[in-house]
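Heads up, upload21.pdb below (PDB, C-alpha atoms (C1' of nucleotides)):
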MODEL        1
ATOM      1  CA  MET U   1      38.370  12.108 -20.899
ATOM      2  CA  ILE U   2      39.056  15.434 -22.547
ATOM      3  CA  ALA U   3      35.760  16.753 -21.236
ATOM      4  CA  TYR U   4      36.638  15.719 -17.726
ATOM      5  CA  ALA U   5      40.074  17.290 -17.987
ATOM      6  CA  LEU U   6      38.506  20.511 -19.229
ATOM      7  CA  VAL U   7      35.999  20.625 -16.413
ATOM      8  CA  LEU U   8      38.752  19.955 -13.925
ATOM      9  CA  ALA U   9      40.851  22.732 -15.377
ATOM     10  CA  LEU U  10      37.917  25.097 -15.110
ATOM     11  CA  PHE U  11      37.492  24.219 -11.485
ATOM     12  CA  VAL U  12      41.125  24.780 -10.731
ATOM     13  CA  LEU U  13      40.898  28.104 -12.490
ATOM     14  CA  ALA U  14      37.879  29.068 -10.419
ATOM     15  CA  LEU U  15      39.762  27.986  -7.363
ATOM     16  CA  LYS U  16      42.665  30.245  -8.198
ATOM     17  CA  LEU U  17      40.367  33.183  -8.869
ATOM     18  CA  ILE U  18      38.633  32.790  -5.558
ATOM     19  CA  ASP U  19      42.014  32.329  -3.971
ATOM     20  CA  HIS U  20      43.310  35.653  -5.227
ATOM     21  CA  ARG U  21      40.162  37.581  -4.518
ATOM     22  CA  PHE U  22      39.890  36.322  -0.966
ATOM     23  CA  VAL U  23      43.540  36.415  -0.101
ATOM     24  CA  THR U  24      43.851  39.998  -1.242
ATOM     25  CA  LYS U  25      40.772  40.903   0.744
ATOM     26  CA  ASP U  26      42.209  39.113   3.737
ATOM     27  CA  ILE U  27      39.147  37.032   4.487
ATOM     28  CA  SER U  28      39.284  34.288   7.045
ATOM     29  CA  MET U  29      40.869  31.000   6.110
ATOM     30  CA  ASP U  30      37.881  28.970   7.344
ATOM     31  CA  ILE U  31      35.403  30.545   4.990
ATOM     32  CA  TYR U  32      37.770  30.111   2.110
ATOM     33  CA  LEU U  33      38.246  26.443   2.984
ATOM     34  CA  GLY U  34      34.530  25.960   3.337
ATOM     35  CA  LEU U  35      33.948  27.364  -0.108
ATOM     36  CA  VAL U  36      36.572  25.109  -1.603
ATOM     37  CA  ALA U  37      35.064  22.104   0.169
ATOM     38  CA  LEU U  38      31.592  22.993  -1.074
ATOM     39  CA  LEU U  39      32.822  23.524  -4.599
ATOM     40  CA  PHE U  40      34.545  20.190  -4.772
ATOM     41  CA  THR U  41      31.704  18.380  -3.099
ATOM     42  CA  VAL U  42      29.434  19.582  -5.867
ATOM     43  CA  PHE U  43      32.082  18.636  -8.377
ATOM     44  CA  GLY U  44      32.312  15.184  -6.824
ATOM     45  CA  ILE U  45      28.569  14.684  -6.958
ATOM     46  CA  TRP U  46      28.539  15.695 -10.587
ATOM     47  CA  LEU U  47      31.503  13.458 -11.395
ATOM     48  CA  GLY U  48      29.992  10.480  -9.606
ATOM     49  CA  LEU U  49      26.732  10.819 -11.473
ATOM     50  CA  LYS U  50      28.445  11.268 -14.814
ATOM     51  CA  LEU U  51      30.478   8.148 -14.228
ATOM     52  CA  THR U  52      27.684   5.916 -13.022
ATOM     53  CA  ARG U  53      24.684   7.042 -15.033
ATOM     54  CA  PRO U  54      25.761   5.468 -18.311
ATOM     55  CA  GLN U  55      26.250   2.183 -16.494
ATOM     56  CA  VAL U  56      22.584   2.039 -15.637
ATOM     57  CA  LYS U  57      21.463   0.665 -18.946
ATOM     58  CA  LEU U  58      17.772   0.406 -19.720
ATOM     59  CA  GLN U  59      17.290  -3.175 -20.667
ATOM     60  CA  VAL U  60      14.356  -5.518 -20.678
ATOM     61  CA  ILE U  61      15.019  -8.437 -18.443
ATOM     62  CA  THR U  62      13.230 -11.702 -18.947
ATOM     63  CA  PRO U  63      12.649 -12.876 -15.420
ATOM     64  CA  PRO U  64      13.571 -16.503 -14.815
ATOM     65  CA  PHE U  65      10.541 -18.764 -14.557
ATOM     66  CA  GLU U  66       9.411 -19.696 -11.107
ATOM     67  CA  LEU U  67       6.503 -22.029 -10.486
ATOM     68  CA  ASP U  68       3.636 -20.549  -8.504
ATOM     69  CA  HIS U  69       3.143 -23.253  -5.892
ATOM     70  CA  GLN U  70       0.172 -21.475  -4.451
ATOM     71  CA  LYS U  71      -1.695 -21.436  -7.744
ATOM     72  CA  LEU U  72      -0.618 -25.007  -8.372
ATOM     73  CA  ASP U  73      -2.202 -26.117  -5.126
ATOM     74  CA  GLU U  74      -5.346 -24.203  -5.957
ATOM     75  CA  THR U  75      -5.750 -26.039  -9.239
ATOM     76  CA  GLY U  76      -5.063 -29.405  -7.620
ATOM     77  CA  LEU U  77      -2.978 -30.530 -10.580
ATOM     78  CA  SER U  78      -0.926 -33.661 -10.013
ATOM     79  CA  GLN U  79       2.729 -34.010 -10.933
ATOM     80  CA  ARG U  80       1.987 -36.065 -14.013
ATOM     81  CA  GLU U  81      -0.684 -33.679 -15.179
ATOM     82  CA  LEU U  82       1.716 -30.785 -14.871
ATOM     83  CA  GLU U  83       4.297 -32.659 -16.919
ATOM     84  CA  VAL U  84       1.778 -33.335 -19.660
ATOM     85  CA  LEU U  85       0.663 -29.721 -19.591
ATOM     86  CA  GLU U  86       4.225 -28.513 -19.906
ATOM     87  CA  MET U  87       4.821 -30.737 -22.897
ATOM     88  CA  MET U  88       1.624 -29.531 -24.498
ATOM     89  CA  SER U  89       2.959 -26.008 -24.193
ATOM     90  CA  LYS U  90       6.029 -27.048 -26.154
ATOM     91  CA  GLY U  91       3.751 -27.914 -29.046
ATOM     92  CA  LEU U  92       3.990 -31.683 -28.693
ATOM     93  CA  SER U  93       1.191 -34.014 -29.789
ATOM     94  CA  ASN U  94      -0.352 -36.513 -27.399
ATOM     95  CA  GLN U  95       1.562 -39.316 -29.091
ATOM     96  CA  GLU U  96       4.870 -37.477 -28.723
ATOM     97  CA  ILE U  97       4.139 -36.835 -25.076
ATOM     98  CA  ALA U  98       3.311 -40.507 -24.583
ATOM     99  CA  ASP U  99       6.604 -41.504 -26.188
ATOM    100  CA  ARG U 100       8.682 -39.119 -24.093
ATOM    101  CA  LEU U 101       6.963 -40.174 -20.886
ATOM    102  CA  PHE U 102       7.041 -43.886 -21.745
ATOM    103  CA  ILE U 103       3.320 -44.251 -21.210
ATOM    104  CA  SER U 104       0.482 -45.104 -23.566
ATOM    105  CA  LEU U 105      -1.413 -42.606 -25.671
ATOM    106  CA  ASN U 106      -4.559 -43.444 -23.732
ATOM    107  CA  THR U 107      -2.911 -42.504 -20.470
ATOM    108  CA  VAL U 108      -1.894 -39.146 -21.887
ATOM    109  CA  LYS U 109      -5.482 -38.594 -22.923
ATOM    110  CA  THR U 110      -6.656 -39.464 -19.438
ATOM    111  CA  HIS U 111      -4.204 -36.973 -17.932
ATOM    112  CA  SER U 112      -5.153 -34.287 -20.383
ATOM    113  CA  THR U 113      -8.851 -34.755 -19.780
ATOM    114  CA  SER U 114      -8.481 -34.528 -16.011
ATOM    115  CA  LEU U 115      -6.135 -31.587 -16.408
ATOM    116  CA  PHE U 116      -8.684 -29.770 -18.558
ATOM    117  CA  THR U 117     -11.319 -30.398 -15.933
ATOM    118  CA  LYS U 118      -9.139 -29.020 -13.143
ATOM    119  CA  LEU U 119      -8.277 -25.931 -15.140
ATOM    120  CA  ASP U 120     -11.843 -25.660 -16.370
ATOM    121  CA  VAL U 121     -10.925 -25.417 -20.046
ATOM    122  CA  LYS U 122     -11.986 -27.282 -23.144
ATOM    123  CA  ARG U 123      -8.887 -27.283 -25.317
ATOM    124  CA  ARG U 124      -5.143 -27.658 -24.937
ATOM    125  CA  THR U 125      -4.554 -24.204 -26.352
ATOM    126  CA  GLN U 126      -6.685 -22.725 -23.580
ATOM    127  CA  ALA U 127      -4.959 -24.868 -20.992
ATOM    128  CA  VAL U 128      -1.531 -23.671 -22.107
ATOM    129  CA  LYS U 129      -2.630 -20.052 -22.154
ATOM    130  CA  LEU U 130      -4.108 -20.252 -18.664
ATOM    131  CA  ALA U 131      -1.171 -22.187 -17.251
ATOM    132  CA  LYS U 132       1.209 -19.516 -18.489
ATOM    133  CA  GLU U 133      -0.867 -16.759 -16.995
ATOM    134  CA  TRP U 134      -0.872 -18.605 -13.689
ATOM    135  CA  SER U 135       2.863 -19.319 -13.783
ATOM    136  CA  LEU U 136       2.355 -23.054 -13.770
ATOM    137  CA  ILE U 137       4.619 -23.407 -16.792
ATOM    138  CA  PRO U 138       7.337 -21.158 -18.315
TER
ATOM    139  CA  MET O   1      19.871  12.578   7.514
ATOM    140  CA  ILE O   2      21.629  11.873  10.802
ATOM    141  CA  ALA O   3      24.027   9.594   9.006
ATOM    142  CA  TYR O   4      24.863  12.282   6.497
ATOM    143  CA  ALA O   5      25.377  14.832   9.242
ATOM    144  CA  LEU O   6      27.705  12.445  11.037
ATOM    145  CA  VAL O   7      29.745  11.760   7.938
ATOM    146  CA  LEU O   8      29.971  15.469   7.287
ATOM    147  CA  ALA O   9      31.115  16.097  10.811
ATOM    148  CA  LEU O  10      33.790  13.437  10.413
ATOM    149  CA  PHE O  11      35.007  15.096   7.281
ATOM    150  CA  VAL O  12      35.209  18.467   8.915
ATOM    151  CA  LEU O  13      37.138  16.903  11.773
ATOM    152  CA  ALA O  14      39.561  15.312   9.362
ATOM    153  CA  LEU O  15      39.895  18.652   7.654
ATOM    154  CA  LYS O  16      40.795  20.353  10.914
ATOM    155  CA  LEU O  17      43.318  17.676  11.746
ATOM    156  CA  ILE O  18      45.038  18.006   8.427
ATOM    157  CA  ASP O  19      44.843  21.719   8.825
ATOM    158  CA  HIS O  20      46.728  21.738  12.111
ATOM    159  CA  ARG O  21      49.303  19.230  11.041
ATOM    160  CA  PHE O  22      50.122  21.014   7.847
ATOM    161  CA  VAL O  23      49.992  24.522   9.138
ATOM    162  CA  THR O  24      52.344  23.721  11.997
ATOM    163  CA  LYS O  25      54.727  22.113   9.575
ATOM    164  CA  ASP O  26      54.460  25.096   7.309
ATOM    165  CA  ILE O  27      53.678  23.178   4.175
ATOM    166  CA  SER O  28      52.647  24.999   1.059
ATOM    167  CA  MET O  29      49.094  26.259   0.788
ATOM    168  CA  ASP O  30      48.572  24.709  -2.664
ATOM    169  CA  ILE O  31      49.168  21.169  -1.526
ATOM    170  CA  TYR O  32      46.881  21.690   1.407
ATOM    171  CA  LEU O  33      44.172  23.014  -0.860
ATOM    172  CA  GLY O  34      44.670  20.158  -3.285
ATOM    173  CA  LEU O  35      44.194  17.659  -0.518
ATOM    174  CA  VAL O  36      41.032  19.357   0.645
ATOM    175  CA  ALA O  37      39.705  19.458  -2.896
ATOM    176  CA  LEU O  38      40.450  15.769  -3.397
ATOM    177  CA  LEU O  39      38.864  14.858  -0.107
ATOM    178  CA  PHE O  40      35.653  16.679  -0.859
ATOM    179  CA  THR O  41      35.532  15.426  -4.412
ATOM    180  CA  VAL O  42      35.557  11.897  -3.085
ATOM    181  CA  PHE O  43      32.960  12.911  -0.529
ATOM    182  CA  GLY O  44      30.837  14.397  -3.303
ATOM    183  CA  ILE O  45      31.035  11.253  -5.387
ATOM    184  CA  TRP O  46      30.020   9.172  -2.412
ATOM    185  CA  LEU O  47      27.188  11.529  -1.544
ATOM    186  CA  GLY O  48      25.913  11.647  -5.100
ATOM    187  CA  LEU O  49      25.864   7.876  -5.341
ATOM    188  CA  LYS O  50      24.186   7.467  -1.986
ATOM    189  CA  LEU O  51      21.495   9.895  -2.965
ATOM    190  CA  THR O  52      20.756   8.519  -6.410
ATOM    191  CA  ARG O  53      21.243   4.774  -6.004
ATOM    192  CA  PRO O  54      18.022   4.151  -4.128
ATOM    193  CA  GLN O  55      16.143   5.877  -6.928
ATOM    194  CA  VAL O  56      17.246   3.246  -9.386
ATOM    195  CA  LYS O  57      14.676   0.664  -8.465
ATOM    196  CA  LEU O  58      14.993  -2.841  -9.789
ATOM    197  CA  GLN O  59      11.628  -3.647 -11.179
ATOM    198  CA  VAL O  60      10.384  -6.119 -13.726
ATOM    199  CA  ILE O  61       8.624  -4.336 -16.512
ATOM    200  CA  THR O  62       6.304  -6.156 -18.842
ATOM    201  CA  PRO O  63       7.032  -4.479 -22.131
ATOM    202  CA  PRO O  64       3.945  -3.566 -24.142
ATOM    203  CA  PHE O  65       3.483  -5.810 -27.152
ATOM    204  CA  GLU O  66       4.790  -4.535 -30.406
ATOM    205  CA  LEU O  67       4.456  -6.460 -33.643
ATOM    206  CA  ASP O  68       7.732  -7.352 -35.305
ATOM    207  CA  HIS O  69       7.022  -6.167 -38.836
ATOM    208  CA  GLN O  70      10.325  -7.466 -40.040
ATOM    209  CA  LYS O  71       9.609 -10.992 -38.880
ATOM    210  CA  LEU O  72       6.084 -10.700 -40.206
ATOM    211  CA  ASP O  73       7.377  -9.882 -43.670
ATOM    212  CA  GLU O  74       9.814 -12.772 -43.475
ATOM    213  CA  THR O  75       7.028 -15.230 -42.799
ATOM    214  CA  GLY O  76       4.853 -13.786 -45.544
ATOM    215  CA  LEU O  77       1.733 -14.102 -43.411
ATOM    216  CA  SER O  78      -1.317 -12.265 -44.730
ATOM    217  CA  GLN O  79      -3.527 -10.054 -42.591
ATOM    218  CA  ARG O  80      -6.265 -12.651 -42.324
ATOM    219  CA  GLU O  81      -3.809 -15.386 -41.430
ATOM    220  CA  LEU O  82      -2.404 -13.242 -38.663
ATOM    221  CA  GLU O  83      -5.895 -12.646 -37.302
ATOM    222  CA  VAL O  84      -6.636 -16.346 -37.272
ATOM    223  CA  LEU O  85      -3.309 -17.033 -35.591
ATOM    224  CA  GLU O  86      -4.020 -14.459 -32.930
ATOM    225  CA  MET O  87      -7.396 -16.019 -32.203
ATOM    226  CA  MET O  88      -5.837 -19.451 -32.019
ATOM    227  CA  SER O  89      -3.509 -18.102 -29.358
ATOM    228  CA  LYS O  90      -6.531 -17.071 -27.335
ATOM    229  CA  GLY O  91      -7.551 -20.706 -27.218
ATOM    230  CA  LEU O  92     -10.405 -20.468 -29.688
ATOM    231  CA  SER O  93     -11.499 -23.394 -31.857
ATOM    232  CA  ASN O  94     -11.726 -23.052 -35.626
ATOM    233  CA  GLN O  95     -15.505 -22.845 -35.379
ATOM    234  CA  GLU O  96     -15.314 -20.044 -32.809
ATOM    235  CA  ILE O  97     -12.856 -18.168 -34.987
ATOM    236  CA  ALA O  98     -15.166 -18.581 -37.967
ATOM    237  CA  ASP O  99     -18.065 -17.168 -35.965
ATOM    238  CA  ARG O 100     -16.114 -14.159 -34.722
ATOM    239  CA  LEU O 101     -14.740 -13.399 -38.185
ATOM    240  CA  PHE O 102     -18.083 -14.008 -39.912
ATOM    241  CA  ILE O 103     -16.563 -16.478 -42.321
ATOM    242  CA  SER O 104     -17.105 -20.185 -42.841
ATOM    243  CA  LEU O 105     -15.314 -22.936 -40.938
ATOM    244  CA  ASN O 106     -13.778 -24.070 -44.208
ATOM    245  CA  THR O 107     -12.225 -20.693 -44.781
ATOM    246  CA  VAL O 108     -10.676 -20.722 -41.336
ATOM    247  CA  LYS O 109      -9.214 -24.115 -42.117
ATOM    248  CA  THR O 110      -7.777 -22.801 -45.350
ATOM    249  CA  HIS O 111      -6.184 -19.896 -43.510
ATOM    250  CA  SER O 112      -4.806 -22.122 -40.782
ATOM    251  CA  THR O 113      -3.353 -24.591 -43.237
ATOM    252  CA  SER O 114      -1.568 -21.904 -45.215
ATOM    253  CA  LEU O 115      -0.446 -20.268 -41.990
ATOM    254  CA  PHE O 116       1.038 -23.551 -40.752
ATOM    255  CA  THR O 117       2.877 -23.942 -44.027
ATOM    256  CA  LYS O 118       4.334 -20.440 -43.838
ATOM    257  CA  LEU O 119       5.446 -20.924 -40.255
ATOM    258  CA  ASP O 120       6.602 -24.449 -41.038
ATOM    259  CA  VAL O 121       4.731 -26.073 -38.166
ATOM    260  CA  LYS O 122       2.334 -28.982 -37.918
ATOM    261  CA  ARG O 123       0.014 -28.007 -35.056
ATOM    262  CA  ARG O 124      -1.682 -24.900 -33.762
ATOM    263  CA  THR O 125       0.104 -25.163 -30.446
ATOM    264  CA  GLN O 126       3.421 -24.985 -32.261
ATOM    265  CA  ALA O 127       2.204 -22.094 -34.374
ATOM    266  CA  VAL O 128       1.167 -20.122 -31.308
ATOM    267  CA  LYS O 129       4.438 -20.846 -29.538
ATOM    268  CA  LEU O 130       6.512 -19.769 -32.528
ATOM    269  CA  ALA O 131       4.417 -16.683 -33.203
ATOM    270  CA  LYS O 132       4.928 -15.520 -29.635
ATOM    271  CA  GLU O 133       8.648 -16.069 -29.839
ATOM    272  CA  TRP O 134       8.725 -14.055 -33.025
ATOM    273  CA  SER O 135       6.554 -11.250 -31.638
ATOM    274  CA  LEU O 136       3.864 -11.772 -34.212
ATOM    275  CA  ILE O 137       1.243 -11.958 -31.472
ATOM    276  CA  PRO O 138       1.162 -10.746 -27.849
TER
ATOM    277  C1'  DG F   1      -5.989  -7.060 -69.987
ATOM    278  C1'  DT F   2      -3.561 -10.587 -68.058
ATOM    279  C1'  DT F   3      -1.340 -12.050 -63.974
ATOM    280  C1'  DG F   4      -0.998 -13.000 -59.146
ATOM    281  C1'  DA F   5      -1.939 -12.693 -54.362
ATOM    282  C1'  DA F   6      -5.564 -12.696 -51.044
ATOM    283  C1'  DA F   7      -9.858 -14.078 -49.396
ATOM    284  C1'  DT F   8     -13.663 -16.809 -49.680
ATOM    285  C1'  DC F   9     -15.974 -21.431 -49.745
ATOM    286  C1'  DA F  10     -16.769 -26.542 -50.633
ATOM    287  C1'  DC F  11     -15.971 -31.618 -50.290
ATOM    288  C1'  DC F  12     -13.468 -35.561 -48.821
ATOM    289  C1'  DC F  13     -10.726 -38.143 -45.802
ATOM    290  C1'  DG F  14      -7.558 -39.538 -42.376
ATOM    291  C1'  DA F  15      -5.337 -38.243 -38.143
ATOM    292  C1'  DA F  16      -5.488 -36.249 -33.814
ATOM    293  C1'  DA F  17      -7.916 -34.616 -29.958
ATOM    294  C1'  DG F  18     -11.233 -35.048 -26.614
ATOM    295  C1'  DT F  19     -15.328 -37.640 -23.904
ATOM    296  C1'  DA F  20     -17.251 -41.428 -21.395
ATOM    297  C1'  DT F  21     -16.639 -45.316 -18.823
ATOM    298  C1'  DG F  22     -14.400 -48.934 -16.569
ATOM    299  C1'  DA F  23     -10.707 -51.136 -14.276
ATOM    300  C1'  DG F  24      -6.392 -52.609 -11.800
ATOM    301  C1'  DG F  25      -2.339 -51.485  -8.862
ATOM    302  C1'  DC F  26      -0.061 -48.521  -5.523
ATOM    303  C1'  DC F  27       0.280 -45.780  -1.524
ATOM    304  C1'  DG F  28      -0.741 -42.834   2.300
ATOM    305  C1'  DA F  29      -4.168 -41.454   5.632
ATOM    306  C1'  DT F  30      -8.127 -42.338   8.708
TER
ATOM    307  C1'  DA S   1      -8.502 -52.397   6.555
ATOM    308  C1'  DT S   2     -10.840 -49.424   3.641
ATOM    309  C1'  DC S   3     -11.030 -45.162   1.426
ATOM    310  C1'  DG S   4      -9.422 -41.807  -1.832
ATOM    311  C1'  DG S   5      -6.133 -39.905  -4.968
ATOM    312  C1'  DC S   6      -2.855 -40.965  -8.489
ATOM    313  C1'  DC S   7      -1.097 -43.433 -12.316
ATOM    314  C1'  DT S   8      -1.779 -46.610 -15.543
ATOM    315  C1'  DC S   9      -4.298 -48.626 -19.541
ATOM    316  C1'  DA S  10      -8.243 -50.025 -22.495
ATOM    317  C1'  DT S  11     -12.401 -49.714 -25.567
ATOM    318  C1'  DA S  12     -15.680 -47.152 -27.901
ATOM    319  C1'  DC S  13     -17.322 -43.052 -29.636
ATOM    320  C1'  DT S  14     -17.669 -37.991 -31.106
ATOM    321  C1'  DT S  15     -15.605 -33.857 -32.415
ATOM    322  C1'  DT S  16     -12.042 -31.182 -34.128
ATOM    323  C1'  DC S  17      -8.047 -30.594 -36.779
ATOM    324  C1'  DG S  18      -5.366 -30.690 -40.711
ATOM    325  C1'  DG S  19      -4.115 -32.156 -45.659
ATOM    326  C1'  DG S  20      -5.395 -32.286 -50.438
ATOM    327  C1'  DT S  21      -7.755 -30.374 -54.176
ATOM    328  C1'  DG S  22     -10.355 -27.212 -56.693
ATOM    329  C1'  DA S  23     -13.185 -23.175 -57.480
ATOM    330  C1'  DT S  24     -14.747 -18.184 -57.481
ATOM    331  C1'  DT S  25     -14.165 -13.300 -56.698
ATOM    332  C1'  DT S  26     -11.791  -9.145 -55.954
ATOM    333  C1'  DC S  27      -8.314  -6.015 -56.467
ATOM    334  C1'  DA S  28      -3.943  -4.127 -57.332
ATOM    335  C1'  DA S  29       0.052  -4.269 -60.236
ATOM    336  C1'  DC S  30       2.593  -4.868 -64.441
TER
ENDMDL
END
Show this structure as structure tokens.
Amino acid sequence: MIAYALVLALFVLALKLIDHRFVTKDISMDIYLGLVALLFTVFGIWLGLKLTRPQVKLQVITPPFELDHQKLDETGLSQRELEVLEMMSKGLSNQEIADRLFISLNTVKTHSTSLFTKLDVKRRTQAVKLAKEWSLIP
Amino acid sequence: MIAYALVLALFVLALKLIDHRFVTKDISMDIYLGLVALLFTVFGIWLGLKLTRPQVKLQVITPPFELDHQKLDETGLSQRELEVLEMMSKGLSNQEIADRLFISLNTVKTHSTSLFTKLDVKRRTQAVKLAKEWSLIP
DNA sequence: GTTGAAATCACCCGAAAGTATGAGGCCGAT
DNA sequence: ATCGGCCTCATACTTTCGGGTGATTTCAAC
């Protein structure tokens, strides 16, 4: 605030100086006006930048997850398989997944096996890693 | 460019209009100057914003991984345990980790067990998930 | 010079994960 | 109507994981 007031005062001072110099030398009104306009345009640009720059904060944004349908189609994963995969990524065991999905442990194993085949991996940790890289899961 | 020229022309026109109106009415020079200054300050602000805004591109930056030493100390993980954890996150089996680290499978198991205890998790998938959230691994 | 943390390894055992194979029901497409 | 994919489940088997326990060595710190 004080800084802005000071700068403004300086400008006004400059204005007055130019005023006197030009008026005494009887130079055309248009040129004088042009100078003033130019001066305050520059001032405006400076002011605008000063006011908006701090607002542009550098911050790391975590982009919201969005499923890559294209990649999903490529893998050929079914809905159920994707669900199981997602739960794996949350660190759940096969039994916990079975319980949450109201299906048997064996069925979860079947899904996981076929899911591993489609992703061409051998372990759930690999599957999760790959699925994240391919934006199949958050 | 053309747009800017047009806007500038408009401003000059407005200036002239004000000029005529005020001069004919014989209003004080200071007020006239003040108005001009204000007008061009606003113009400057607008111009400055127009020119700089497009430069501020919205882009998602993947921040380079940096280990959170603070969190690492909190967990009390040893160097070897961290290594094992990192390899787990790459989807490697205990045997593969043992081979890459030139240690026995049993030793890897020991490390993983103590690592699970320190992170308070039960499975490697949970450990990997947590470690990522805590910036212990990329 | 003891103490303690870290790293190494071993053995056992049960639990979980993963493989192989088969099978039944459902549904949409040819 | 039959064919294929999906979902479901089962049995049997192998492999991997993880817990428990104990031991040795090294190395730095007190």
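One finds atom CA of U:Leu6 at 16.3 Å from atom CA of U:Gly48.
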* Asked: Can you list what the PyMOL selection byres ((chain U) within 10 of (chain F)) grabs from this structure, as a VMD selection string?
  -> chain U and resid 93 to 95 109 to 110 112 to 113 116 122 to 124
File of the preceding selection, C-alpha atoms, as a PDB file, in the frame of the given file:
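File produced: part_24.pdb:
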ATOM      1  CA  SER U  93       1.191 -34.014 -29.789  1.00  0.00           C
ATOM      2  CA  ASN U  94      -0.352 -36.513 -27.399  1.00  0.00           C
ATOM      3  CA  GLN U  95       1.562 -39.316 -29.091  1.00  0.00           C
ATOM      4  CA  LYS U 109      -5.482 -38.594 -22.923  1.00  0.00           C
ATOM      5  CA  THR U 110      -6.656 -39.464 -19.438  1.00  0.00           C
ATOM      6  CA  SER U 112      -5.153 -34.287 -20.383  1.00  0.00           C
ATOM      7  CA  THR U 113      -8.851 -34.755 -19.780  1.00  0.00           C
ATOM      8  CA  PHE U 116      -8.684 -29.770 -18.558  1.00  0.00           C
ATOM      9  CA  LYS U 122     -11.986 -27.282 -23.144  1.00  0.00           C
ATOM     10  CA  ARG U 123      -8.887 -27.283 -25.317  1.00  0.00           C
ATOM     11  CA  ARG U 124      -5.143 -27.658 -24.937  1.00  0.00           C
TER      12      ARG U 124
END
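For the pair atom CA of O:Glu83 and atom CA of U:Thr117, the separation is 28.3 Å.
A straight line drawn from atom CA of U:Met88 to atom CA of O:Thr107 is 26.1 Å long.
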Original post:
Just so the selection is clear, what residues does the PyMOL selection byres ((chain U) within 9 of (chain S)) cover here, as a PyMOL selection string?
Top reply: chain U and resi 78+80+103-104+106-107
### Message
Report as JSON, numbers by chain all protein, DNA and RNA residues lying within 8 Å of stretch 74-77 of chain O, evaluated on only C-alpha atoms (C1' of nucleotides), omitting residues in the same chain fewer than 4 positions from it.
### Response
{"O": [70, 81, 82, 115, 118, 119]}
Give the padded box for stretch 121-135 of chain U as JSON: axis-aligned, covering all atoms listed in the file, 6 Å on each side, centre and edge lengths in Å to one decimal.
{"center_x": -4.6, "center_y": -22.2, "center_z": -20.0, "size_x": 26.8, "size_y": 22.9, "size_z": 24.7}
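The smallest atom-to-atom distance between chain U and any of O:Leu51, O:Leu72, O:Leu13, O:Val84, using only C-alpha atoms, is found for O:Leu51.
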